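These notes concern the structure reproduced below.
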Amino acid sequence: MEYWIEPGVFVASRTVFFISDQTGVTAETLGHSLMTQFAGEDVRQLTVPFIDTRERANDLAEKINKAARRDGQRPIVFSSLVHDELRQIIRQAEGLYLDIFDAFVGTLEAELGATASHEVGRAHGMSD
């Protein structure tokens, strides 16, 4: 949504992407929770699931870049991508990249003394 602040000058809403190599529920849930802390922000929200190939990651990076040009400001990208290569492609786009795994995996690896598997879909195999 765009709105005019004076003739010839408009402010476009910022785009927020929720991206994942699965359904996108994790990125959406955390991203929505965080964005509610900024109630005055006018945002356009897009969930982009199943970014599981290099081609899809490159296409998404271009969409992020287009949103940056259109909005006149960096999109915010909440990511739950597992594959390092795909994360790197998106990280190089013109958005503020907030990676859920970067935020927590390193700390968990240090605490557990183990290395994360970086396997897609592992949450579906967790037991209650």
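Letters A, B, ... mark the chains of the structure tokens in the order given; residue numbers begin at 1 per chain; ligand numbers begin at 1, in order shown.
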### Query
Any idea what's packed within 9 Å of region 85-90 of chain A, counting only C-alpha atoms, ignoring anything in its chain fewer than 3 positions away? Could you give it as a ChimeraX atom specification?
/A:51-54,56-58,60-61,64,77,79-82,93-95,97,99
Output file for the selection above: all heavy atoms, as a compact mmCIF listing (two decimals), in the first residue's frame:
```txt
# COMPACT_ATOMS: atom_id res chain seq x y z
N ILE A 51 11.55 -22.95 -0.46
CA ILE A 51 12.77 -22.46 -1.12
C ILE A 51 13.81 -23.54 -0.89
O ILE A 51 14.54 -23.52 0.09
CB ILE A 51 13.22 -21.09 -0.55
CG1 ILE A 51 12.11 -20.05 -0.69
CG2 ILE A 51 14.51 -20.63 -1.23
CD1 ILE A 51 11.67 -19.81 -2.13
N ASP A 52 13.82 -24.52 -1.79
CA ASP A 52 14.63 -25.72 -1.57
C ASP A 52 15.58 -26.03 -2.72
O ASP A 52 16.21 -27.09 -2.75
CB ASP A 52 13.74 -26.92 -1.26
CG ASP A 52 12.66 -27.13 -2.31
OD1 ASP A 52 12.64 -26.40 -3.34
OD2 ASP A 52 11.82 -28.03 -2.11
N THR A 53 15.69 -25.10 -3.66
CA THR A 53 16.66 -25.26 -4.75
C THR A 53 17.38 -23.94 -4.97
O THR A 53 16.89 -22.87 -4.57
CB THR A 53 15.98 -25.66 -6.08
OG1 THR A 53 15.14 -24.57 -6.52
CG2 THR A 53 15.16 -26.94 -5.95
N ARG A 54 18.51 -24.02 -5.60
CA ARG A 54 19.29 -22.82 -5.93
C ARG A 54 18.47 -21.88 -6.83
O ARG A 54 18.50 -20.66 -6.65
CB ARG A 54 20.55 -23.29 -6.66
CG ARG A 54 21.60 -22.28 -6.77
CD ARG A 54 22.76 -22.90 -7.50
NE ARG A 54 23.93 -22.66 -6.69
CZ ARG A 54 25.13 -23.01 -7.02
NH1 ARG A 54 25.33 -23.69 -8.13
NH2 ARG A 54 26.15 -22.71 -6.26
N ARG A 56 15.17 -21.52 -7.01
CA ARG A 56 14.14 -20.84 -6.22
C ARG A 56 14.76 -19.77 -5.32
O ARG A 56 14.18 -18.70 -5.14
CB ARG A 56 13.35 -21.84 -5.40
CG ARG A 56 12.43 -22.70 -6.23
CD ARG A 56 11.66 -23.68 -5.41
NE ARG A 56 10.79 -24.47 -6.27
CZ ARG A 56 10.18 -25.56 -5.90
NH1 ARG A 56 10.34 -26.02 -4.67
NH2 ARG A 56 9.42 -26.21 -6.75
N ALA A 57 15.92 -20.04 -4.78
CA ALA A 57 16.60 -19.05 -3.93
C ALA A 57 17.00 -17.83 -4.76
O ALA A 57 16.82 -16.69 -4.32
CB ALA A 57 17.81 -19.67 -3.25
N ASN A 58 17.52 -18.05 -5.96
CA ASN A 58 17.89 -16.93 -6.83
C ASN A 58 16.67 -16.12 -7.24
O ASN A 58 16.72 -14.88 -7.27
CB ASN A 58 18.64 -17.43 -8.06
CG ASN A 58 20.07 -17.81 -7.75
OD1 ASN A 58 20.75 -17.15 -6.97
ND2 ASN A 58 20.55 -18.88 -8.35
N LEU A 60 13.90 -15.81 -5.53
CA LEU A 60 13.47 -15.09 -4.35
C LEU A 60 14.38 -13.89 -4.08
O LEU A 60 13.90 -12.80 -3.74
CB LEU A 60 13.42 -16.00 -3.13
CG LEU A 60 13.06 -15.32 -1.81
CD1 LEU A 60 11.71 -14.62 -1.89
CD2 LEU A 60 13.09 -16.32 -0.68
N ALA A 61 15.68 -14.06 -4.24
CA ALA A 61 16.61 -12.95 -4.05
C ALA A 61 16.25 -11.79 -4.98
O ALA A 61 16.28 -10.62 -4.57
CB ALA A 61 18.05 -13.41 -4.26
N ILE A 64 13.20 -10.02 -3.61
CA ILE A 64 13.59 -9.18 -2.48
C ILE A 64 14.20 -7.88 -3.00
O ILE A 64 13.88 -6.79 -2.54
CB ILE A 64 14.55 -9.94 -1.55
CG1 ILE A 64 13.81 -11.08 -0.85
CG2 ILE A 64 15.19 -8.99 -0.54
CD1 ILE A 64 14.72 -12.08 -0.16
N VAL A 77 13.55 -9.79 6.06
CA VAL A 77 13.44 -11.20 5.66
C VAL A 77 13.65 -12.08 6.89
O VAL A 77 14.73 -12.12 7.45
CB VAL A 77 14.49 -11.55 4.59
CG1 VAL A 77 14.37 -13.01 4.17
CG2 VAL A 77 14.37 -10.62 3.39
N SER A 79 13.92 -15.79 8.06
CA SER A 79 14.26 -17.03 7.36
C SER A 79 14.41 -18.20 8.31
O SER A 79 15.04 -18.09 9.37
CB SER A 79 15.58 -16.85 6.61
OG SER A 79 16.03 -18.08 6.09
N SER A 80 13.86 -19.34 7.88
CA SER A 80 14.12 -20.60 8.57
C SER A 80 14.72 -21.61 7.58
O SER A 80 14.48 -22.80 7.68
CB SER A 80 12.86 -21.15 9.24
OG SER A 80 11.87 -21.43 8.28
N LEU A 81 15.50 -21.09 6.62
CA LEU A 81 16.19 -21.97 5.68
C LEU A 81 17.28 -22.75 6.40
O LEU A 81 18.02 -22.18 7.21
CB LEU A 81 16.83 -21.16 4.54
CG LEU A 81 15.89 -20.43 3.58
CD1 LEU A 81 16.71 -19.59 2.61
CD2 LEU A 81 15.01 -21.42 2.83
N VAL A 82 17.41 -24.01 6.08
CA VAL A 82 18.41 -24.86 6.72
C VAL A 82 19.70 -24.93 5.90
O VAL A 82 20.79 -24.85 6.45
CB VAL A 82 17.84 -26.29 6.96
CG1 VAL A 82 18.91 -27.22 7.47
CG2 VAL A 82 16.67 -26.22 7.93
N ALA A 93 20.95 -10.75 -0.94
CA ALA A 93 19.92 -9.87 -1.49
C ALA A 93 19.89 -8.56 -0.70
O ALA A 93 20.55 -8.43 0.34
CB ALA A 93 18.57 -10.57 -1.47
N GLU A 94 19.09 -7.62 -1.15
CA GLU A 94 19.06 -6.27 -0.57
C GLU A 94 18.07 -6.14 0.58
O GLU A 94 17.42 -5.11 0.74
CB GLU A 94 18.71 -5.26 -1.67
CG GLU A 94 19.75 -5.22 -2.77
CD GLU A 94 19.30 -4.39 -3.95
OE1 GLU A 94 18.51 -3.44 -3.76
OE2 GLU A 94 19.73 -4.69 -5.07
N GLY A 95 17.94 -7.18 1.41
CA GLY A 95 17.03 -7.13 2.55
C GLY A 95 17.78 -7.24 3.87
O GLY A 95 18.96 -7.58 3.91
N TYR A 97 18.33 -9.46 6.56
CA TYR A 97 18.19 -10.92 6.67
C TYR A 97 18.28 -11.34 8.14
O TYR A 97 19.31 -11.14 8.79
CB TYR A 97 19.29 -11.59 5.84
CG TYR A 97 19.19 -13.09 5.81
CD1 TYR A 97 18.27 -13.73 5.00
CD2 TYR A 97 20.03 -13.87 6.60
CE1 TYR A 97 18.19 -15.11 4.96
CE2 TYR A 97 19.96 -15.26 6.56
CZ TYR A 97 19.03 -15.87 5.75
OH TYR A 97 18.94 -17.24 5.72
N ASP A 99 17.98 -14.56 10.37
CA ASP A 99 17.99 -16.01 10.24
C ASP A 99 17.74 -16.67 11.59
O ASP A 99 18.51 -16.47 12.54
CB ASP A 99 19.34 -16.46 9.68
CG ASP A 99 19.35 -17.92 9.34
OD1 ASP A 99 19.38 -18.74 10.28
OD2 ASP A 99 19.33 -18.26 8.15
```
### All strand (DSSP E) positions in chain A, as number ranges by chain
A: 2-6, 9-12, 14-19, 43-48, 76-79, 96-99
### Task
With a distance cut-off of 7 Å and only C-alpha atoms, select the neighbouring residues of Thr47 (chain A), excluding the residue or stretch itself and same-chain residues fewer than 6 positions from it, and output the selection as a ChimeraX atom specification.
/A:17-19,24
### Task
Write out as JSON, numbers by chain all residues of region 31-91 of chain A that backbone DSSP assigns to alpha helix (DSSP H).
{"A": [31, 32, 33, 34, 35, 54, 55, 56, 57, 58, 59, 60, 61, 62, 63, 64, 65, 66, 67, 68, 69, 70, 71, 84, 85, 86, 87, 88, 89, 90, 91]}
Written selection (C-alpha atoms) as a short mmCIF file (atom, residue, chain, number, x, y, z; two decimals), in the first residue's frame:
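So again-v8.cif came out as:
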```
data_model
loop_
_atom_site.label_atom_id
_atom_site.label_comp_id
_atom_site.auth_asym_id
_atom_site.auth_seq_id
_atom_site.Cartn_x
_atom_site.Cartn_y
_atom_site.Cartn_z
CA GLY A 31 8.37 -13.00 12.45
CA HIS A 32 4.77 -12.04 13.23
CA SER A 33 5.50 -12.13 16.96
CA LEU A 34 8.45 -9.80 16.52
CA MET A 35 6.67 -7.42 14.14
CA ARG A 54 19.29 -22.82 -5.93
CA GLU A 55 16.93 -21.64 -8.70
CA ARG A 56 14.14 -20.84 -6.22
CA ALA A 57 16.60 -19.05 -3.93
CA ASN A 58 17.89 -16.93 -6.83
CA ASP A 59 14.32 -16.09 -7.90
CA LEU A 60 13.47 -15.09 -4.35
CA ALA A 61 16.61 -12.95 -4.05
CA GLU A 62 15.49 -11.06 -7.15
CA LYS A 63 11.99 -10.55 -5.65
CA ILE A 64 13.59 -9.18 -2.48
CA ASN A 65 15.71 -6.80 -4.59
CA LYS A 66 12.64 -5.65 -6.56
CA ALA A 67 10.76 -5.01 -3.32
CA ALA A 68 13.71 -2.91 -2.06
CA ARG A 69 13.63 -0.78 -5.21
CA ARG A 70 9.84 -0.46 -5.17
CA ASP A 71 9.55 0.35 -1.45
CA ASP A 84 23.80 -22.99 4.05
CA GLU A 85 24.12 -22.45 0.28
CA LEU A 86 20.51 -21.26 -0.07
CA ARG A 87 20.81 -19.06 3.01
CA GLN A 88 23.89 -17.42 1.50
CA ILE A 89 22.05 -16.62 -1.74
CA ILE A 90 19.25 -14.89 0.17
CA ARG A 91 21.67 -13.19 2.56
#
```
### Task
Rounded to one decimal place, report the CA of Thr26 (chain A)-CA of Phe78 (chain A) distance in Å.
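So the answer is 9.4 Å.
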### Task
For CA of Gln92 (chain A) and CA of Pro75 (chain A), determine how far apart the two atoms are, in Å to one decimal place.
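Interatomic distance here is 12.6 Å.
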### Message
As an exercise, work out the distance from CA of Ser20 (chain A) to CA of Leu108 (chain A) in Å and give it to one decimal place.
### Response
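Value for the CA of Ser20 (chain A)-CA of Leu108 (chain A) distance: 20.5 Å.
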### Query
So, counting only C-alpha atoms, which residue among A:Gly113, A:Gln37, A:Ile76, A:Asp21 is closest to Pro49 (chain A)?
A:Asp21
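The smallest atom-to-atom distance between Arg44 (chain A) and any of A:Val16, A:Ala110, A:Val105, A:Ile100, using only C-alpha atoms, is found for A:Val16.
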### Task
Would you mind telling me which residue in A:His83, A:Phe104, A:Ser13, A:Thr23 lies nearest to Gln45 (chain A) when using only C-alpha atoms?
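Checking each candidate against Gln45 (chain A), we get A:Ser13 as the closest.
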